[in-house]
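Undergrad: Before I ask anything, here is the structure I am working with.
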Amino acid sequence: MDGPSEKKEKVVKEKVVKEKVVKEKGATSGQGGKKKKDVKKETGLGLSVKKDENFGEWYSEVCKHEMIEYYDISGCYILRPWSMSIWEIMHAFFDAELKKMKVKNCYFPLFVSPGALERETDHIEGFAPEVAWVTKSGKSDLEVPLAIRPTSETVMYPYFSKWIRGHRDLPLKLNQWCNVVRWEFSNPTPFIRSREFLWQEGHTAYATKEEADAEVLHVLELYRRIYEEYLAVPIVKGMKSENEKFAGGLYTTSVEAFIPNTGRGVQGATSHCLGQNFAKMFEINYENEKGETAMVWQNSWAYTTRTIGVMIMTHGDDKGLILPPKIAPVQVVVIPVPYKDANTQGIFDACIATVSALSEAGIRAEEDLRDNYSPGWKYSNWEMKGVPLRIEIGPRDLENDQVRTVRRDNGVKEDIPRGGLVEHVKELLVKIQENMFEVAKQKREACVEVVKTWDEFSNALKEKKLILAPWCDEKEVEIDVKQRTKGETGAAKTLCSPFDQPELPEGTLCFASGKPAKKWTYWGRSY
Ligand code: 87F
């Protein structure tokens with residue numbers, strides 16, 4: 001597998017190398033003092049592996065740099081403030097959208113009684129091994145063991161049944177921001193596959209299928225926006241196959257991302273129409289306008305902290321993280337570059353004034369005035385953390401009433417007059433955001449391979465491609481493809497059938513079964 005190994009997982013004590021730096025010699029604006037190599041040697045900054053050479057190890061190292069801390073329970077990770085701030089920014093966007101949709105936030109308990117959990121057998125059956133149970137309090141056994149929610153259908157729907165009586169109680173639109181636990185056995189990977197994770201789960205009930213259908217797509221579009229507009233990660237919107245959909249529901253839509261380095265698809269978020277399956281099980285009925293008893297139509301949808309992992313994998317480079325400005329906790333870091341006996345206080349004051357001006361304009365800016373680190377060390381440190389834009393202020397800048405900007409995404413440096421700085425920085429942040437998306441999109445496009453035959457499919461799979469193939473849309477055929485591609489790195493499966501379907505000429509055959517193809521579908525190995 002590509003993620004960090006279980007063995008690696010258990011290494012919780014990371015060697016922290018944070019040596020104080022000897023007083024900087026010859027540091028001028030834009031130069032950063034010591035050569036990069038020296039800084040790395042001196043301070044332990046920098047990554048020990050390249051993204052292209054050992055992706056799993058690279059990812060683990062990038063995550064460990066202030067995003068997560070490994071924990072002494074495998075598959076559980078500490079979200080440090082840097083990653084939690086990113087989650088909070090996405091939360092603020094999505095929560096505001098929920099309010100526009102008139103979805104109400106609520107909070108249901110963490111524990112599920114065995115009775116409630118087993119009430120809906122269809123969907124729980126396959127997932128049972130992943131459910132974690134609390135069996136004791138202190139030394140005594142609990143009379144009834146309690147499950148920890150892996151998702152909240154069985155927790156919430158008994159109350160949907162209680163609260164929904166008449167057509168005036170509809171629609172019911174609830175959401176909760178919470179943690180869930182799924183005791184995964186396959187290779188844990190920070191953000192991407194962890195045993196506990198954070199998410200929002202939306203659960204809604206409508207009188208008609210049309211209303212439910214419309215909401216499924218509305219929410220999916222919000223998920224697209226989180227990925228593409230905020231995280232600058234290109235996704236494909238589409239329909240899950242019968243085999244890959246949520247078994248308890250009617251149909252599942254998803255946004256799918258792709259990681260070129262590993263050649264794996266990754267399900268970014270799902271928006272399900274549950275149909276009336278849960279309404280039947282949980283007796284969620286209401287009296288309609290005609291006085292008859294009718295069943296509700298339900299949806300559920302979620303996105304998780306996995307979003308952060310997909311973003312790291314997509315954008316990071318050999319210097320560490322690269323954060324898109326829209327989700328960066330700090331968008332601009334301002335670093336003083338003092339020189340010998342030059343006007344150090346003046347430089348510091350200029351840094352503080354720059355941060356105030358940027359902050360007032362709504363830009364998340366911070367100065368780094370620490371005197372125990374050299375400018376060079378600070379550059380590397382903030383590059384590692386992925387801050388999109390660095391501003392350096394040195395004696396020459398002070399003299400010329402200018403600052404130097406350095407972009408994290410492409411390294412481009414510019415000297416900017418302090419007069420028009422705020423406007424210029426705003427523009428730069430927009431450009432960085434756009435460029436990151438474009439670069440990621442081009443990289444993904446370069447991985448897409450359209451195949452027509454099984455041979456082309458197997459070759460494309462070997463070459464880690466994102467495969468688009470004409471398919472007969474039969475469950476048995478997908479199961480067969482999985483069988484035929486089973487290997488150490490996992491089997492290939494459908495990712496989704498894109499809503500945006502290329503033309504399918506009459507007579508096109510399924511790449512796997514040779515039967516008439518019904519649609520184009522993306523295939524690949526996946527996380
Ligand atoms: C693991 C253990 C028990 C996924 C599980 O996608 C149950 C489950 O129901 C389980 N893993 N699922 C499917 C979750 C479906 C659905 N729930 C609400 C979502 C969106 C939010």
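Residues in the structure tokens are named by chain (A, B, ... in the order shown) and by number from 1 within that chain; ligands are numbered from 1 in the order shown.
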What lies within 9 Å of region 355-369 of chain A using only C-alpha atoms, ignoring chain neighbours under 4 positions off, as a PyMOL selection string?
TA: chain A and resi 328-336+348+350-351+373+378+421-423+425-426
Undergrad: Go ahead and dump the residues you just picked, N, CA, C and O atoms, as a PDB file, in the first residue's frame.
TA:
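Saved file again18.pdb follows:
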ATOM      1  N   ALA A 328      -6.247  28.612   3.714  1.00  0.00           N
ATOM      2  CA  ALA A 328      -5.014  28.751   4.509  1.00  0.00           C
ATOM      3  C   ALA A 328      -5.293  29.510   5.806  1.00  0.00           C
ATOM      4  O   ALA A 328      -5.816  30.624   5.759  1.00  0.00           O
ATOM      5  N   PRO A 329      -4.968  28.921   6.961  1.00  0.00           N
ATOM      6  CA  PRO A 329      -5.185  29.622   8.234  1.00  0.00           C
ATOM      7  C   PRO A 329      -4.401  30.939   8.269  1.00  0.00           C
ATOM      8  O   PRO A 329      -4.862  31.924   8.821  1.00  0.00           O
ATOM      9  N   VAL A 330      -3.212  30.935   7.688  1.00  0.00           N
ATOM     10  CA  VAL A 330      -2.443  32.169   7.490  1.00  0.00           C
ATOM     11  C   VAL A 330      -2.212  32.284   5.986  1.00  0.00           C
ATOM     12  O   VAL A 330      -1.622  31.391   5.382  1.00  0.00           O
ATOM     13  N   GLN A 331      -2.705  33.355   5.396  1.00  0.00           N
ATOM     14  CA  GLN A 331      -2.566  33.516   3.942  1.00  0.00           C
ATOM     15  C   GLN A 331      -1.266  34.212   3.572  1.00  0.00           C
ATOM     16  O   GLN A 331      -0.697  33.966   2.519  1.00  0.00           O
ATOM     17  N   VAL A 332      -0.846  35.104   4.461  1.00  0.00           N
ATOM     18  CA  VAL A 332       0.381  35.871   4.198  1.00  0.00           C
ATOM     19  C   VAL A 332       1.217  35.902   5.476  1.00  0.00           C
ATOM     20  O   VAL A 332       0.705  36.258   6.539  1.00  0.00           O
ATOM     21  N   VAL A 333       2.481  35.504   5.362  1.00  0.00           N
ATOM     22  CA  VAL A 333       3.362  35.633   6.515  1.00  0.00           C
ATOM     23  C   VAL A 333       4.378  36.734   6.200  1.00  0.00           C
ATOM     24  O   VAL A 333       4.909  36.806   5.093  1.00  0.00           O
ATOM     25  N   VAL A 334       4.562  37.604   7.175  1.00  0.00           N
ATOM     26  CA  VAL A 334       5.473  38.733   6.963  1.00  0.00           C
ATOM     27  C   VAL A 334       6.723  38.507   7.815  1.00  0.00           C
ATOM     28  O   VAL A 334       6.637  38.357   9.038  1.00  0.00           O
ATOM     29  N   ILE A 335       7.873  38.469   7.151  1.00  0.00           N
ATOM     30  CA  ILE A 335       9.121  38.124   7.829  1.00  0.00           C
ATOM     31  C   ILE A 335      10.134  39.266   7.723  1.00  0.00           C
ATOM     32  O   ILE A 335      10.464  39.714   6.615  1.00  0.00           O
ATOM     33  N   PRO A 336      10.605  39.739   8.883  1.00  0.00           N
ATOM     34  CA  PRO A 336      11.633  40.790   8.856  1.00  0.00           C
ATOM     35  C   PRO A 336      12.982  40.178   8.472  1.00  0.00           C
ATOM     36  O   PRO A 336      13.285  39.061   8.857  1.00  0.00           O
ATOM     37  N   PHE A 348      10.973  45.927  11.938  1.00  0.00           N
ATOM     38  CA  PHE A 348       9.927  45.268  12.732  1.00  0.00           C
ATOM     39  C   PHE A 348       8.617  46.068  12.664  1.00  0.00           C
ATOM     40  O   PHE A 348       7.546  45.506  12.494  1.00  0.00           O
ATOM     41  N   ALA A 350       7.647  48.067  10.346  1.00  0.00           N
ATOM     42  CA  ALA A 350       7.067  47.944   9.000  1.00  0.00           C
ATOM     43  C   ALA A 350       6.330  46.613   8.858  1.00  0.00           C
ATOM     44  O   ALA A 350       5.266  46.537   8.236  1.00  0.00           O
ATOM     45  N   CYS A 351       6.875  45.563   9.462  1.00  0.00           N
ATOM     46  CA  CYS A 351       6.217  44.242   9.419  1.00  0.00           C
ATOM     47  C   CYS A 351       4.859  44.314  10.123  1.00  0.00           C
ATOM     48  O   CYS A 351       3.850  43.830   9.597  1.00  0.00           O
ATOM     49  N   TYR A 373      15.175  32.587  15.569  1.00  0.00           N
ATOM     50  CA  TYR A 373      15.278  31.904  14.281  1.00  0.00           C
ATOM     51  C   TYR A 373      15.740  32.869  13.207  1.00  0.00           C
ATOM     52  O   TYR A 373      15.343  34.035  13.206  1.00  0.00           O
ATOM     53  N   LYS A 378      12.946  30.631   8.973  1.00  0.00           N
ATOM     54  CA  LYS A 378      11.519  30.982   8.925  1.00  0.00           C
ATOM     55  C   LYS A 378      10.942  30.720   7.536  1.00  0.00           C
ATOM     56  O   LYS A 378       9.831  30.214   7.402  1.00  0.00           O
ATOM     57  N   LEU A 421      -0.059  47.921  -1.654  1.00  0.00           N
ATOM     58  CA  LEU A 421       0.187  46.544  -1.235  1.00  0.00           C
ATOM     59  C   LEU A 421      -1.073  45.701  -1.041  1.00  0.00           C
ATOM     60  O   LEU A 421      -1.169  44.586  -1.541  1.00  0.00           O
ATOM     61  N   VAL A 422      -2.063  46.261  -0.317  1.00  0.00           N
ATOM     62  CA  VAL A 422      -3.245  45.469   0.029  1.00  0.00           C
ATOM     63  C   VAL A 422      -3.940  44.958  -1.241  1.00  0.00           C
ATOM     64  O   VAL A 422      -4.235  43.765  -1.362  1.00  0.00           O
ATOM     65  N   GLU A 423      -4.144  45.869  -2.188  1.00  0.00           N
ATOM     66  CA  GLU A 423      -4.812  45.476  -3.432  1.00  0.00           C
ATOM     67  C   GLU A 423      -3.981  44.431  -4.171  1.00  0.00           C
ATOM     68  O   GLU A 423      -4.520  43.451  -4.701  1.00  0.00           O
ATOM     69  N   VAL A 425      -1.819  42.301  -2.943  1.00  0.00           N
ATOM     70  CA  VAL A 425      -1.840  41.004  -2.252  1.00  0.00           C
ATOM     71  C   VAL A 425      -3.160  40.294  -2.527  1.00  0.00           C
ATOM     72  O   VAL A 425      -3.197  39.086  -2.784  1.00  0.00           O
ATOM     73  N   LYS A 426      -4.246  41.054  -2.492  1.00  0.00           N
ATOM     74  CA  LYS A 426      -5.561  40.451  -2.788  1.00  0.00           C
ATOM     75  C   LYS A 426      -5.536  39.779  -4.154  1.00  0.00           C
ATOM     76  O   LYS A 426      -5.983  38.645  -4.310  1.00  0.00           O
TER      77      LYS A 426
END
Undergrad: Give me, as a Markdown table, each residue of chain A that comes within 10 Å of ligand 1, together with its shortest interatomic pair and the distance in Å at one decimal, counting only C-alpha atoms and all ligand atoms, with rows ordered by chain and rising residue number.
TA:
| residue | atom | partner | partner_atom_place_in_ligand_line | distance |
| --- | --- | --- | --- | --- |
| A:Leu117 | CA | ligand 1 | 3 (C) | 8.8 |
| A:Glu120 | CA | ligand 1 | 9 (O) | 9.9 |
| A:Asp122 | CA | ligand 1 | 9 (O) | 9.8 |
| A:His123 | CA | ligand 1 | 9 (O) | 6.1 |
| A:Ile124 | CA | ligand 1 | 7 (C) | 5.3 |
| A:Glu125 | CA | ligand 1 | 3 (C) | 8.2 |
| A:Gly126 | CA | ligand 1 | 3 (C) | 7.8 |
| A:Phe127 | CA | ligand 1 | 2 (C) | 4.2 |
| A:Ala128 | CA | ligand 1 | 3 (C) | 5.9 |
| A:Pro129 | CA | ligand 1 | 2 (C) | 7.4 |
| A:Glu130 | CA | ligand 1 | 2 (C) | 5.1 |
| A:Val131 | CA | ligand 1 | 2 (C) | 5.2 |
| A:Ala132 | CA | ligand 1 | 2 (C) | 8.6 |
| A:Ala147 | CA | ligand 1 | 3 (C) | 9.8 |
| A:Ile148 | CA | ligand 1 | 3 (C) | 9.4 |
| A:Arg149 | CA | ligand 1 | 3 (C) | 7.6 |
| A:Pro150 | CA | ligand 1 | 2 (C) | 4.8 |
| A:Thr151 | CA | ligand 1 | 17 (N) | 5.1 |
| A:Ser152 | CA | ligand 1 | 18 (C) | 6.3 |
| A:Glu153 | CA | ligand 1 | 17 (N) | 6.4 |
| A:Thr154 | CA | ligand 1 | 9 (O) | 8.9 |
| A:Asn175 | CA | ligand 1 | 21 (C) | 9.6 |
| A:Gln176 | CA | ligand 1 | 21 (C) | 9.9 |
| A:Val180 | CA | ligand 1 | 1 (C) | 9.2 |
| A:Val181 | CA | ligand 1 | 2 (C) | 8.0 |
| A:Arg182 | CA | ligand 1 | 1 (C) | 5.5 |
| A:Trp183 | CA | ligand 1 | 2 (C) | 7.9 |
| A:Glu184 | CA | ligand 1 | 1 (C) | 8.6 |
| A:Trp199 | CA | ligand 1 | 21 (C) | 8.6 |
| A:Gln200 | CA | ligand 1 | 21 (C) | 7.6 |
| A:Glu201 | CA | ligand 1 | 21 (C) | 4.7 |
| A:Gly202 | CA | ligand 1 | 21 (C) | 6.3 |
| A:His203 | CA | ligand 1 | 18 (C) | 7.0 |
| A:Lys245 | CA | ligand 1 | 13 (C) | 9.1 |
| A:Phe246 | CA | ligand 1 | 13 (C) | 5.8 |
| A:Ala247 | CA | ligand 1 | 13 (C) | 7.8 |
| A:Gly248 | CA | ligand 1 | 9 (O) | 7.6 |
| A:Gly249 | CA | ligand 1 | 15 (C) | 8.3 |
| A:Thr252 | CA | ligand 1 | 6 (O) | 8.5 |
| A:Thr253 | CA | ligand 1 | 6 (O) | 9.9 |
| A:Ser254 | CA | ligand 1 | 6 (O) | 9.6 |
| A:Ala269 | CA | ligand 1 | 6 (O) | 7.8 |
| A:Thr270 | CA | ligand 1 | 6 (O) | 5.7 |
| A:Ser271 | CA | ligand 1 | 20 (C) | 6.6 |
| A:His272 | CA | ligand 1 | 20 (C) | 6.9 |
| A:Cys273 | CA | ligand 1 | 16 (C) | 9.9 |
| A:Leu274 | CA | ligand 1 | 16 (C) | 9.2 |
| A:Asn299 | CA | ligand 1 | 18 (C) | 8.5 |
| A:Ser300 | CA | ligand 1 | 18 (C) | 5.0 |
| A:Trp301 | CA | ligand 1 | 20 (C) | 4.0 |
| A:Ala302 | CA | ligand 1 | 20 (C) | 4.3 |
| A:Tyr303 | CA | ligand 1 | 20 (C) | 7.5 |
| A:Thr304 | CA | ligand 1 | 20 (C) | 9.6 |
Undergrad: Quick one: DSSP strand (DSSP E) residues in region 150-331 of chain A, as number ranges by chain?
TA: A: 172-181, 196-206, 236-239, 251-259, 264-275, 285-287, 293-295, 297-304
Undergrad: Using backbone DSSP assignments, extract all helix (DSSP H, G or I) residues from region 183-423 of chain A; output them as a ChimeraX atom specification.
TA: /A:209-230,277-282,306-315,325-327,344-360,375-384,395-400,421-423
Undergrad: Find the residue from A:Arg396, A:Arg165, A:Lys102, A:Lys493 that sits nearest to Val481 (chain A); use only C-alpha atoms when measuring.
TA: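 Checking each of A:Arg396, A:Arg165, A:Lys102, A:Lys493 against Val481 (chain A), counting only C-alpha atoms, the winner is A:Lys493.
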Undergrad: Kindly give the distance, in Å, that separates CA of Arg306 (chain A) and CA of Glu196 (chain A), rounded to a single decimal.
TA: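 Computing it gives 11.1 Å between the two atoms.
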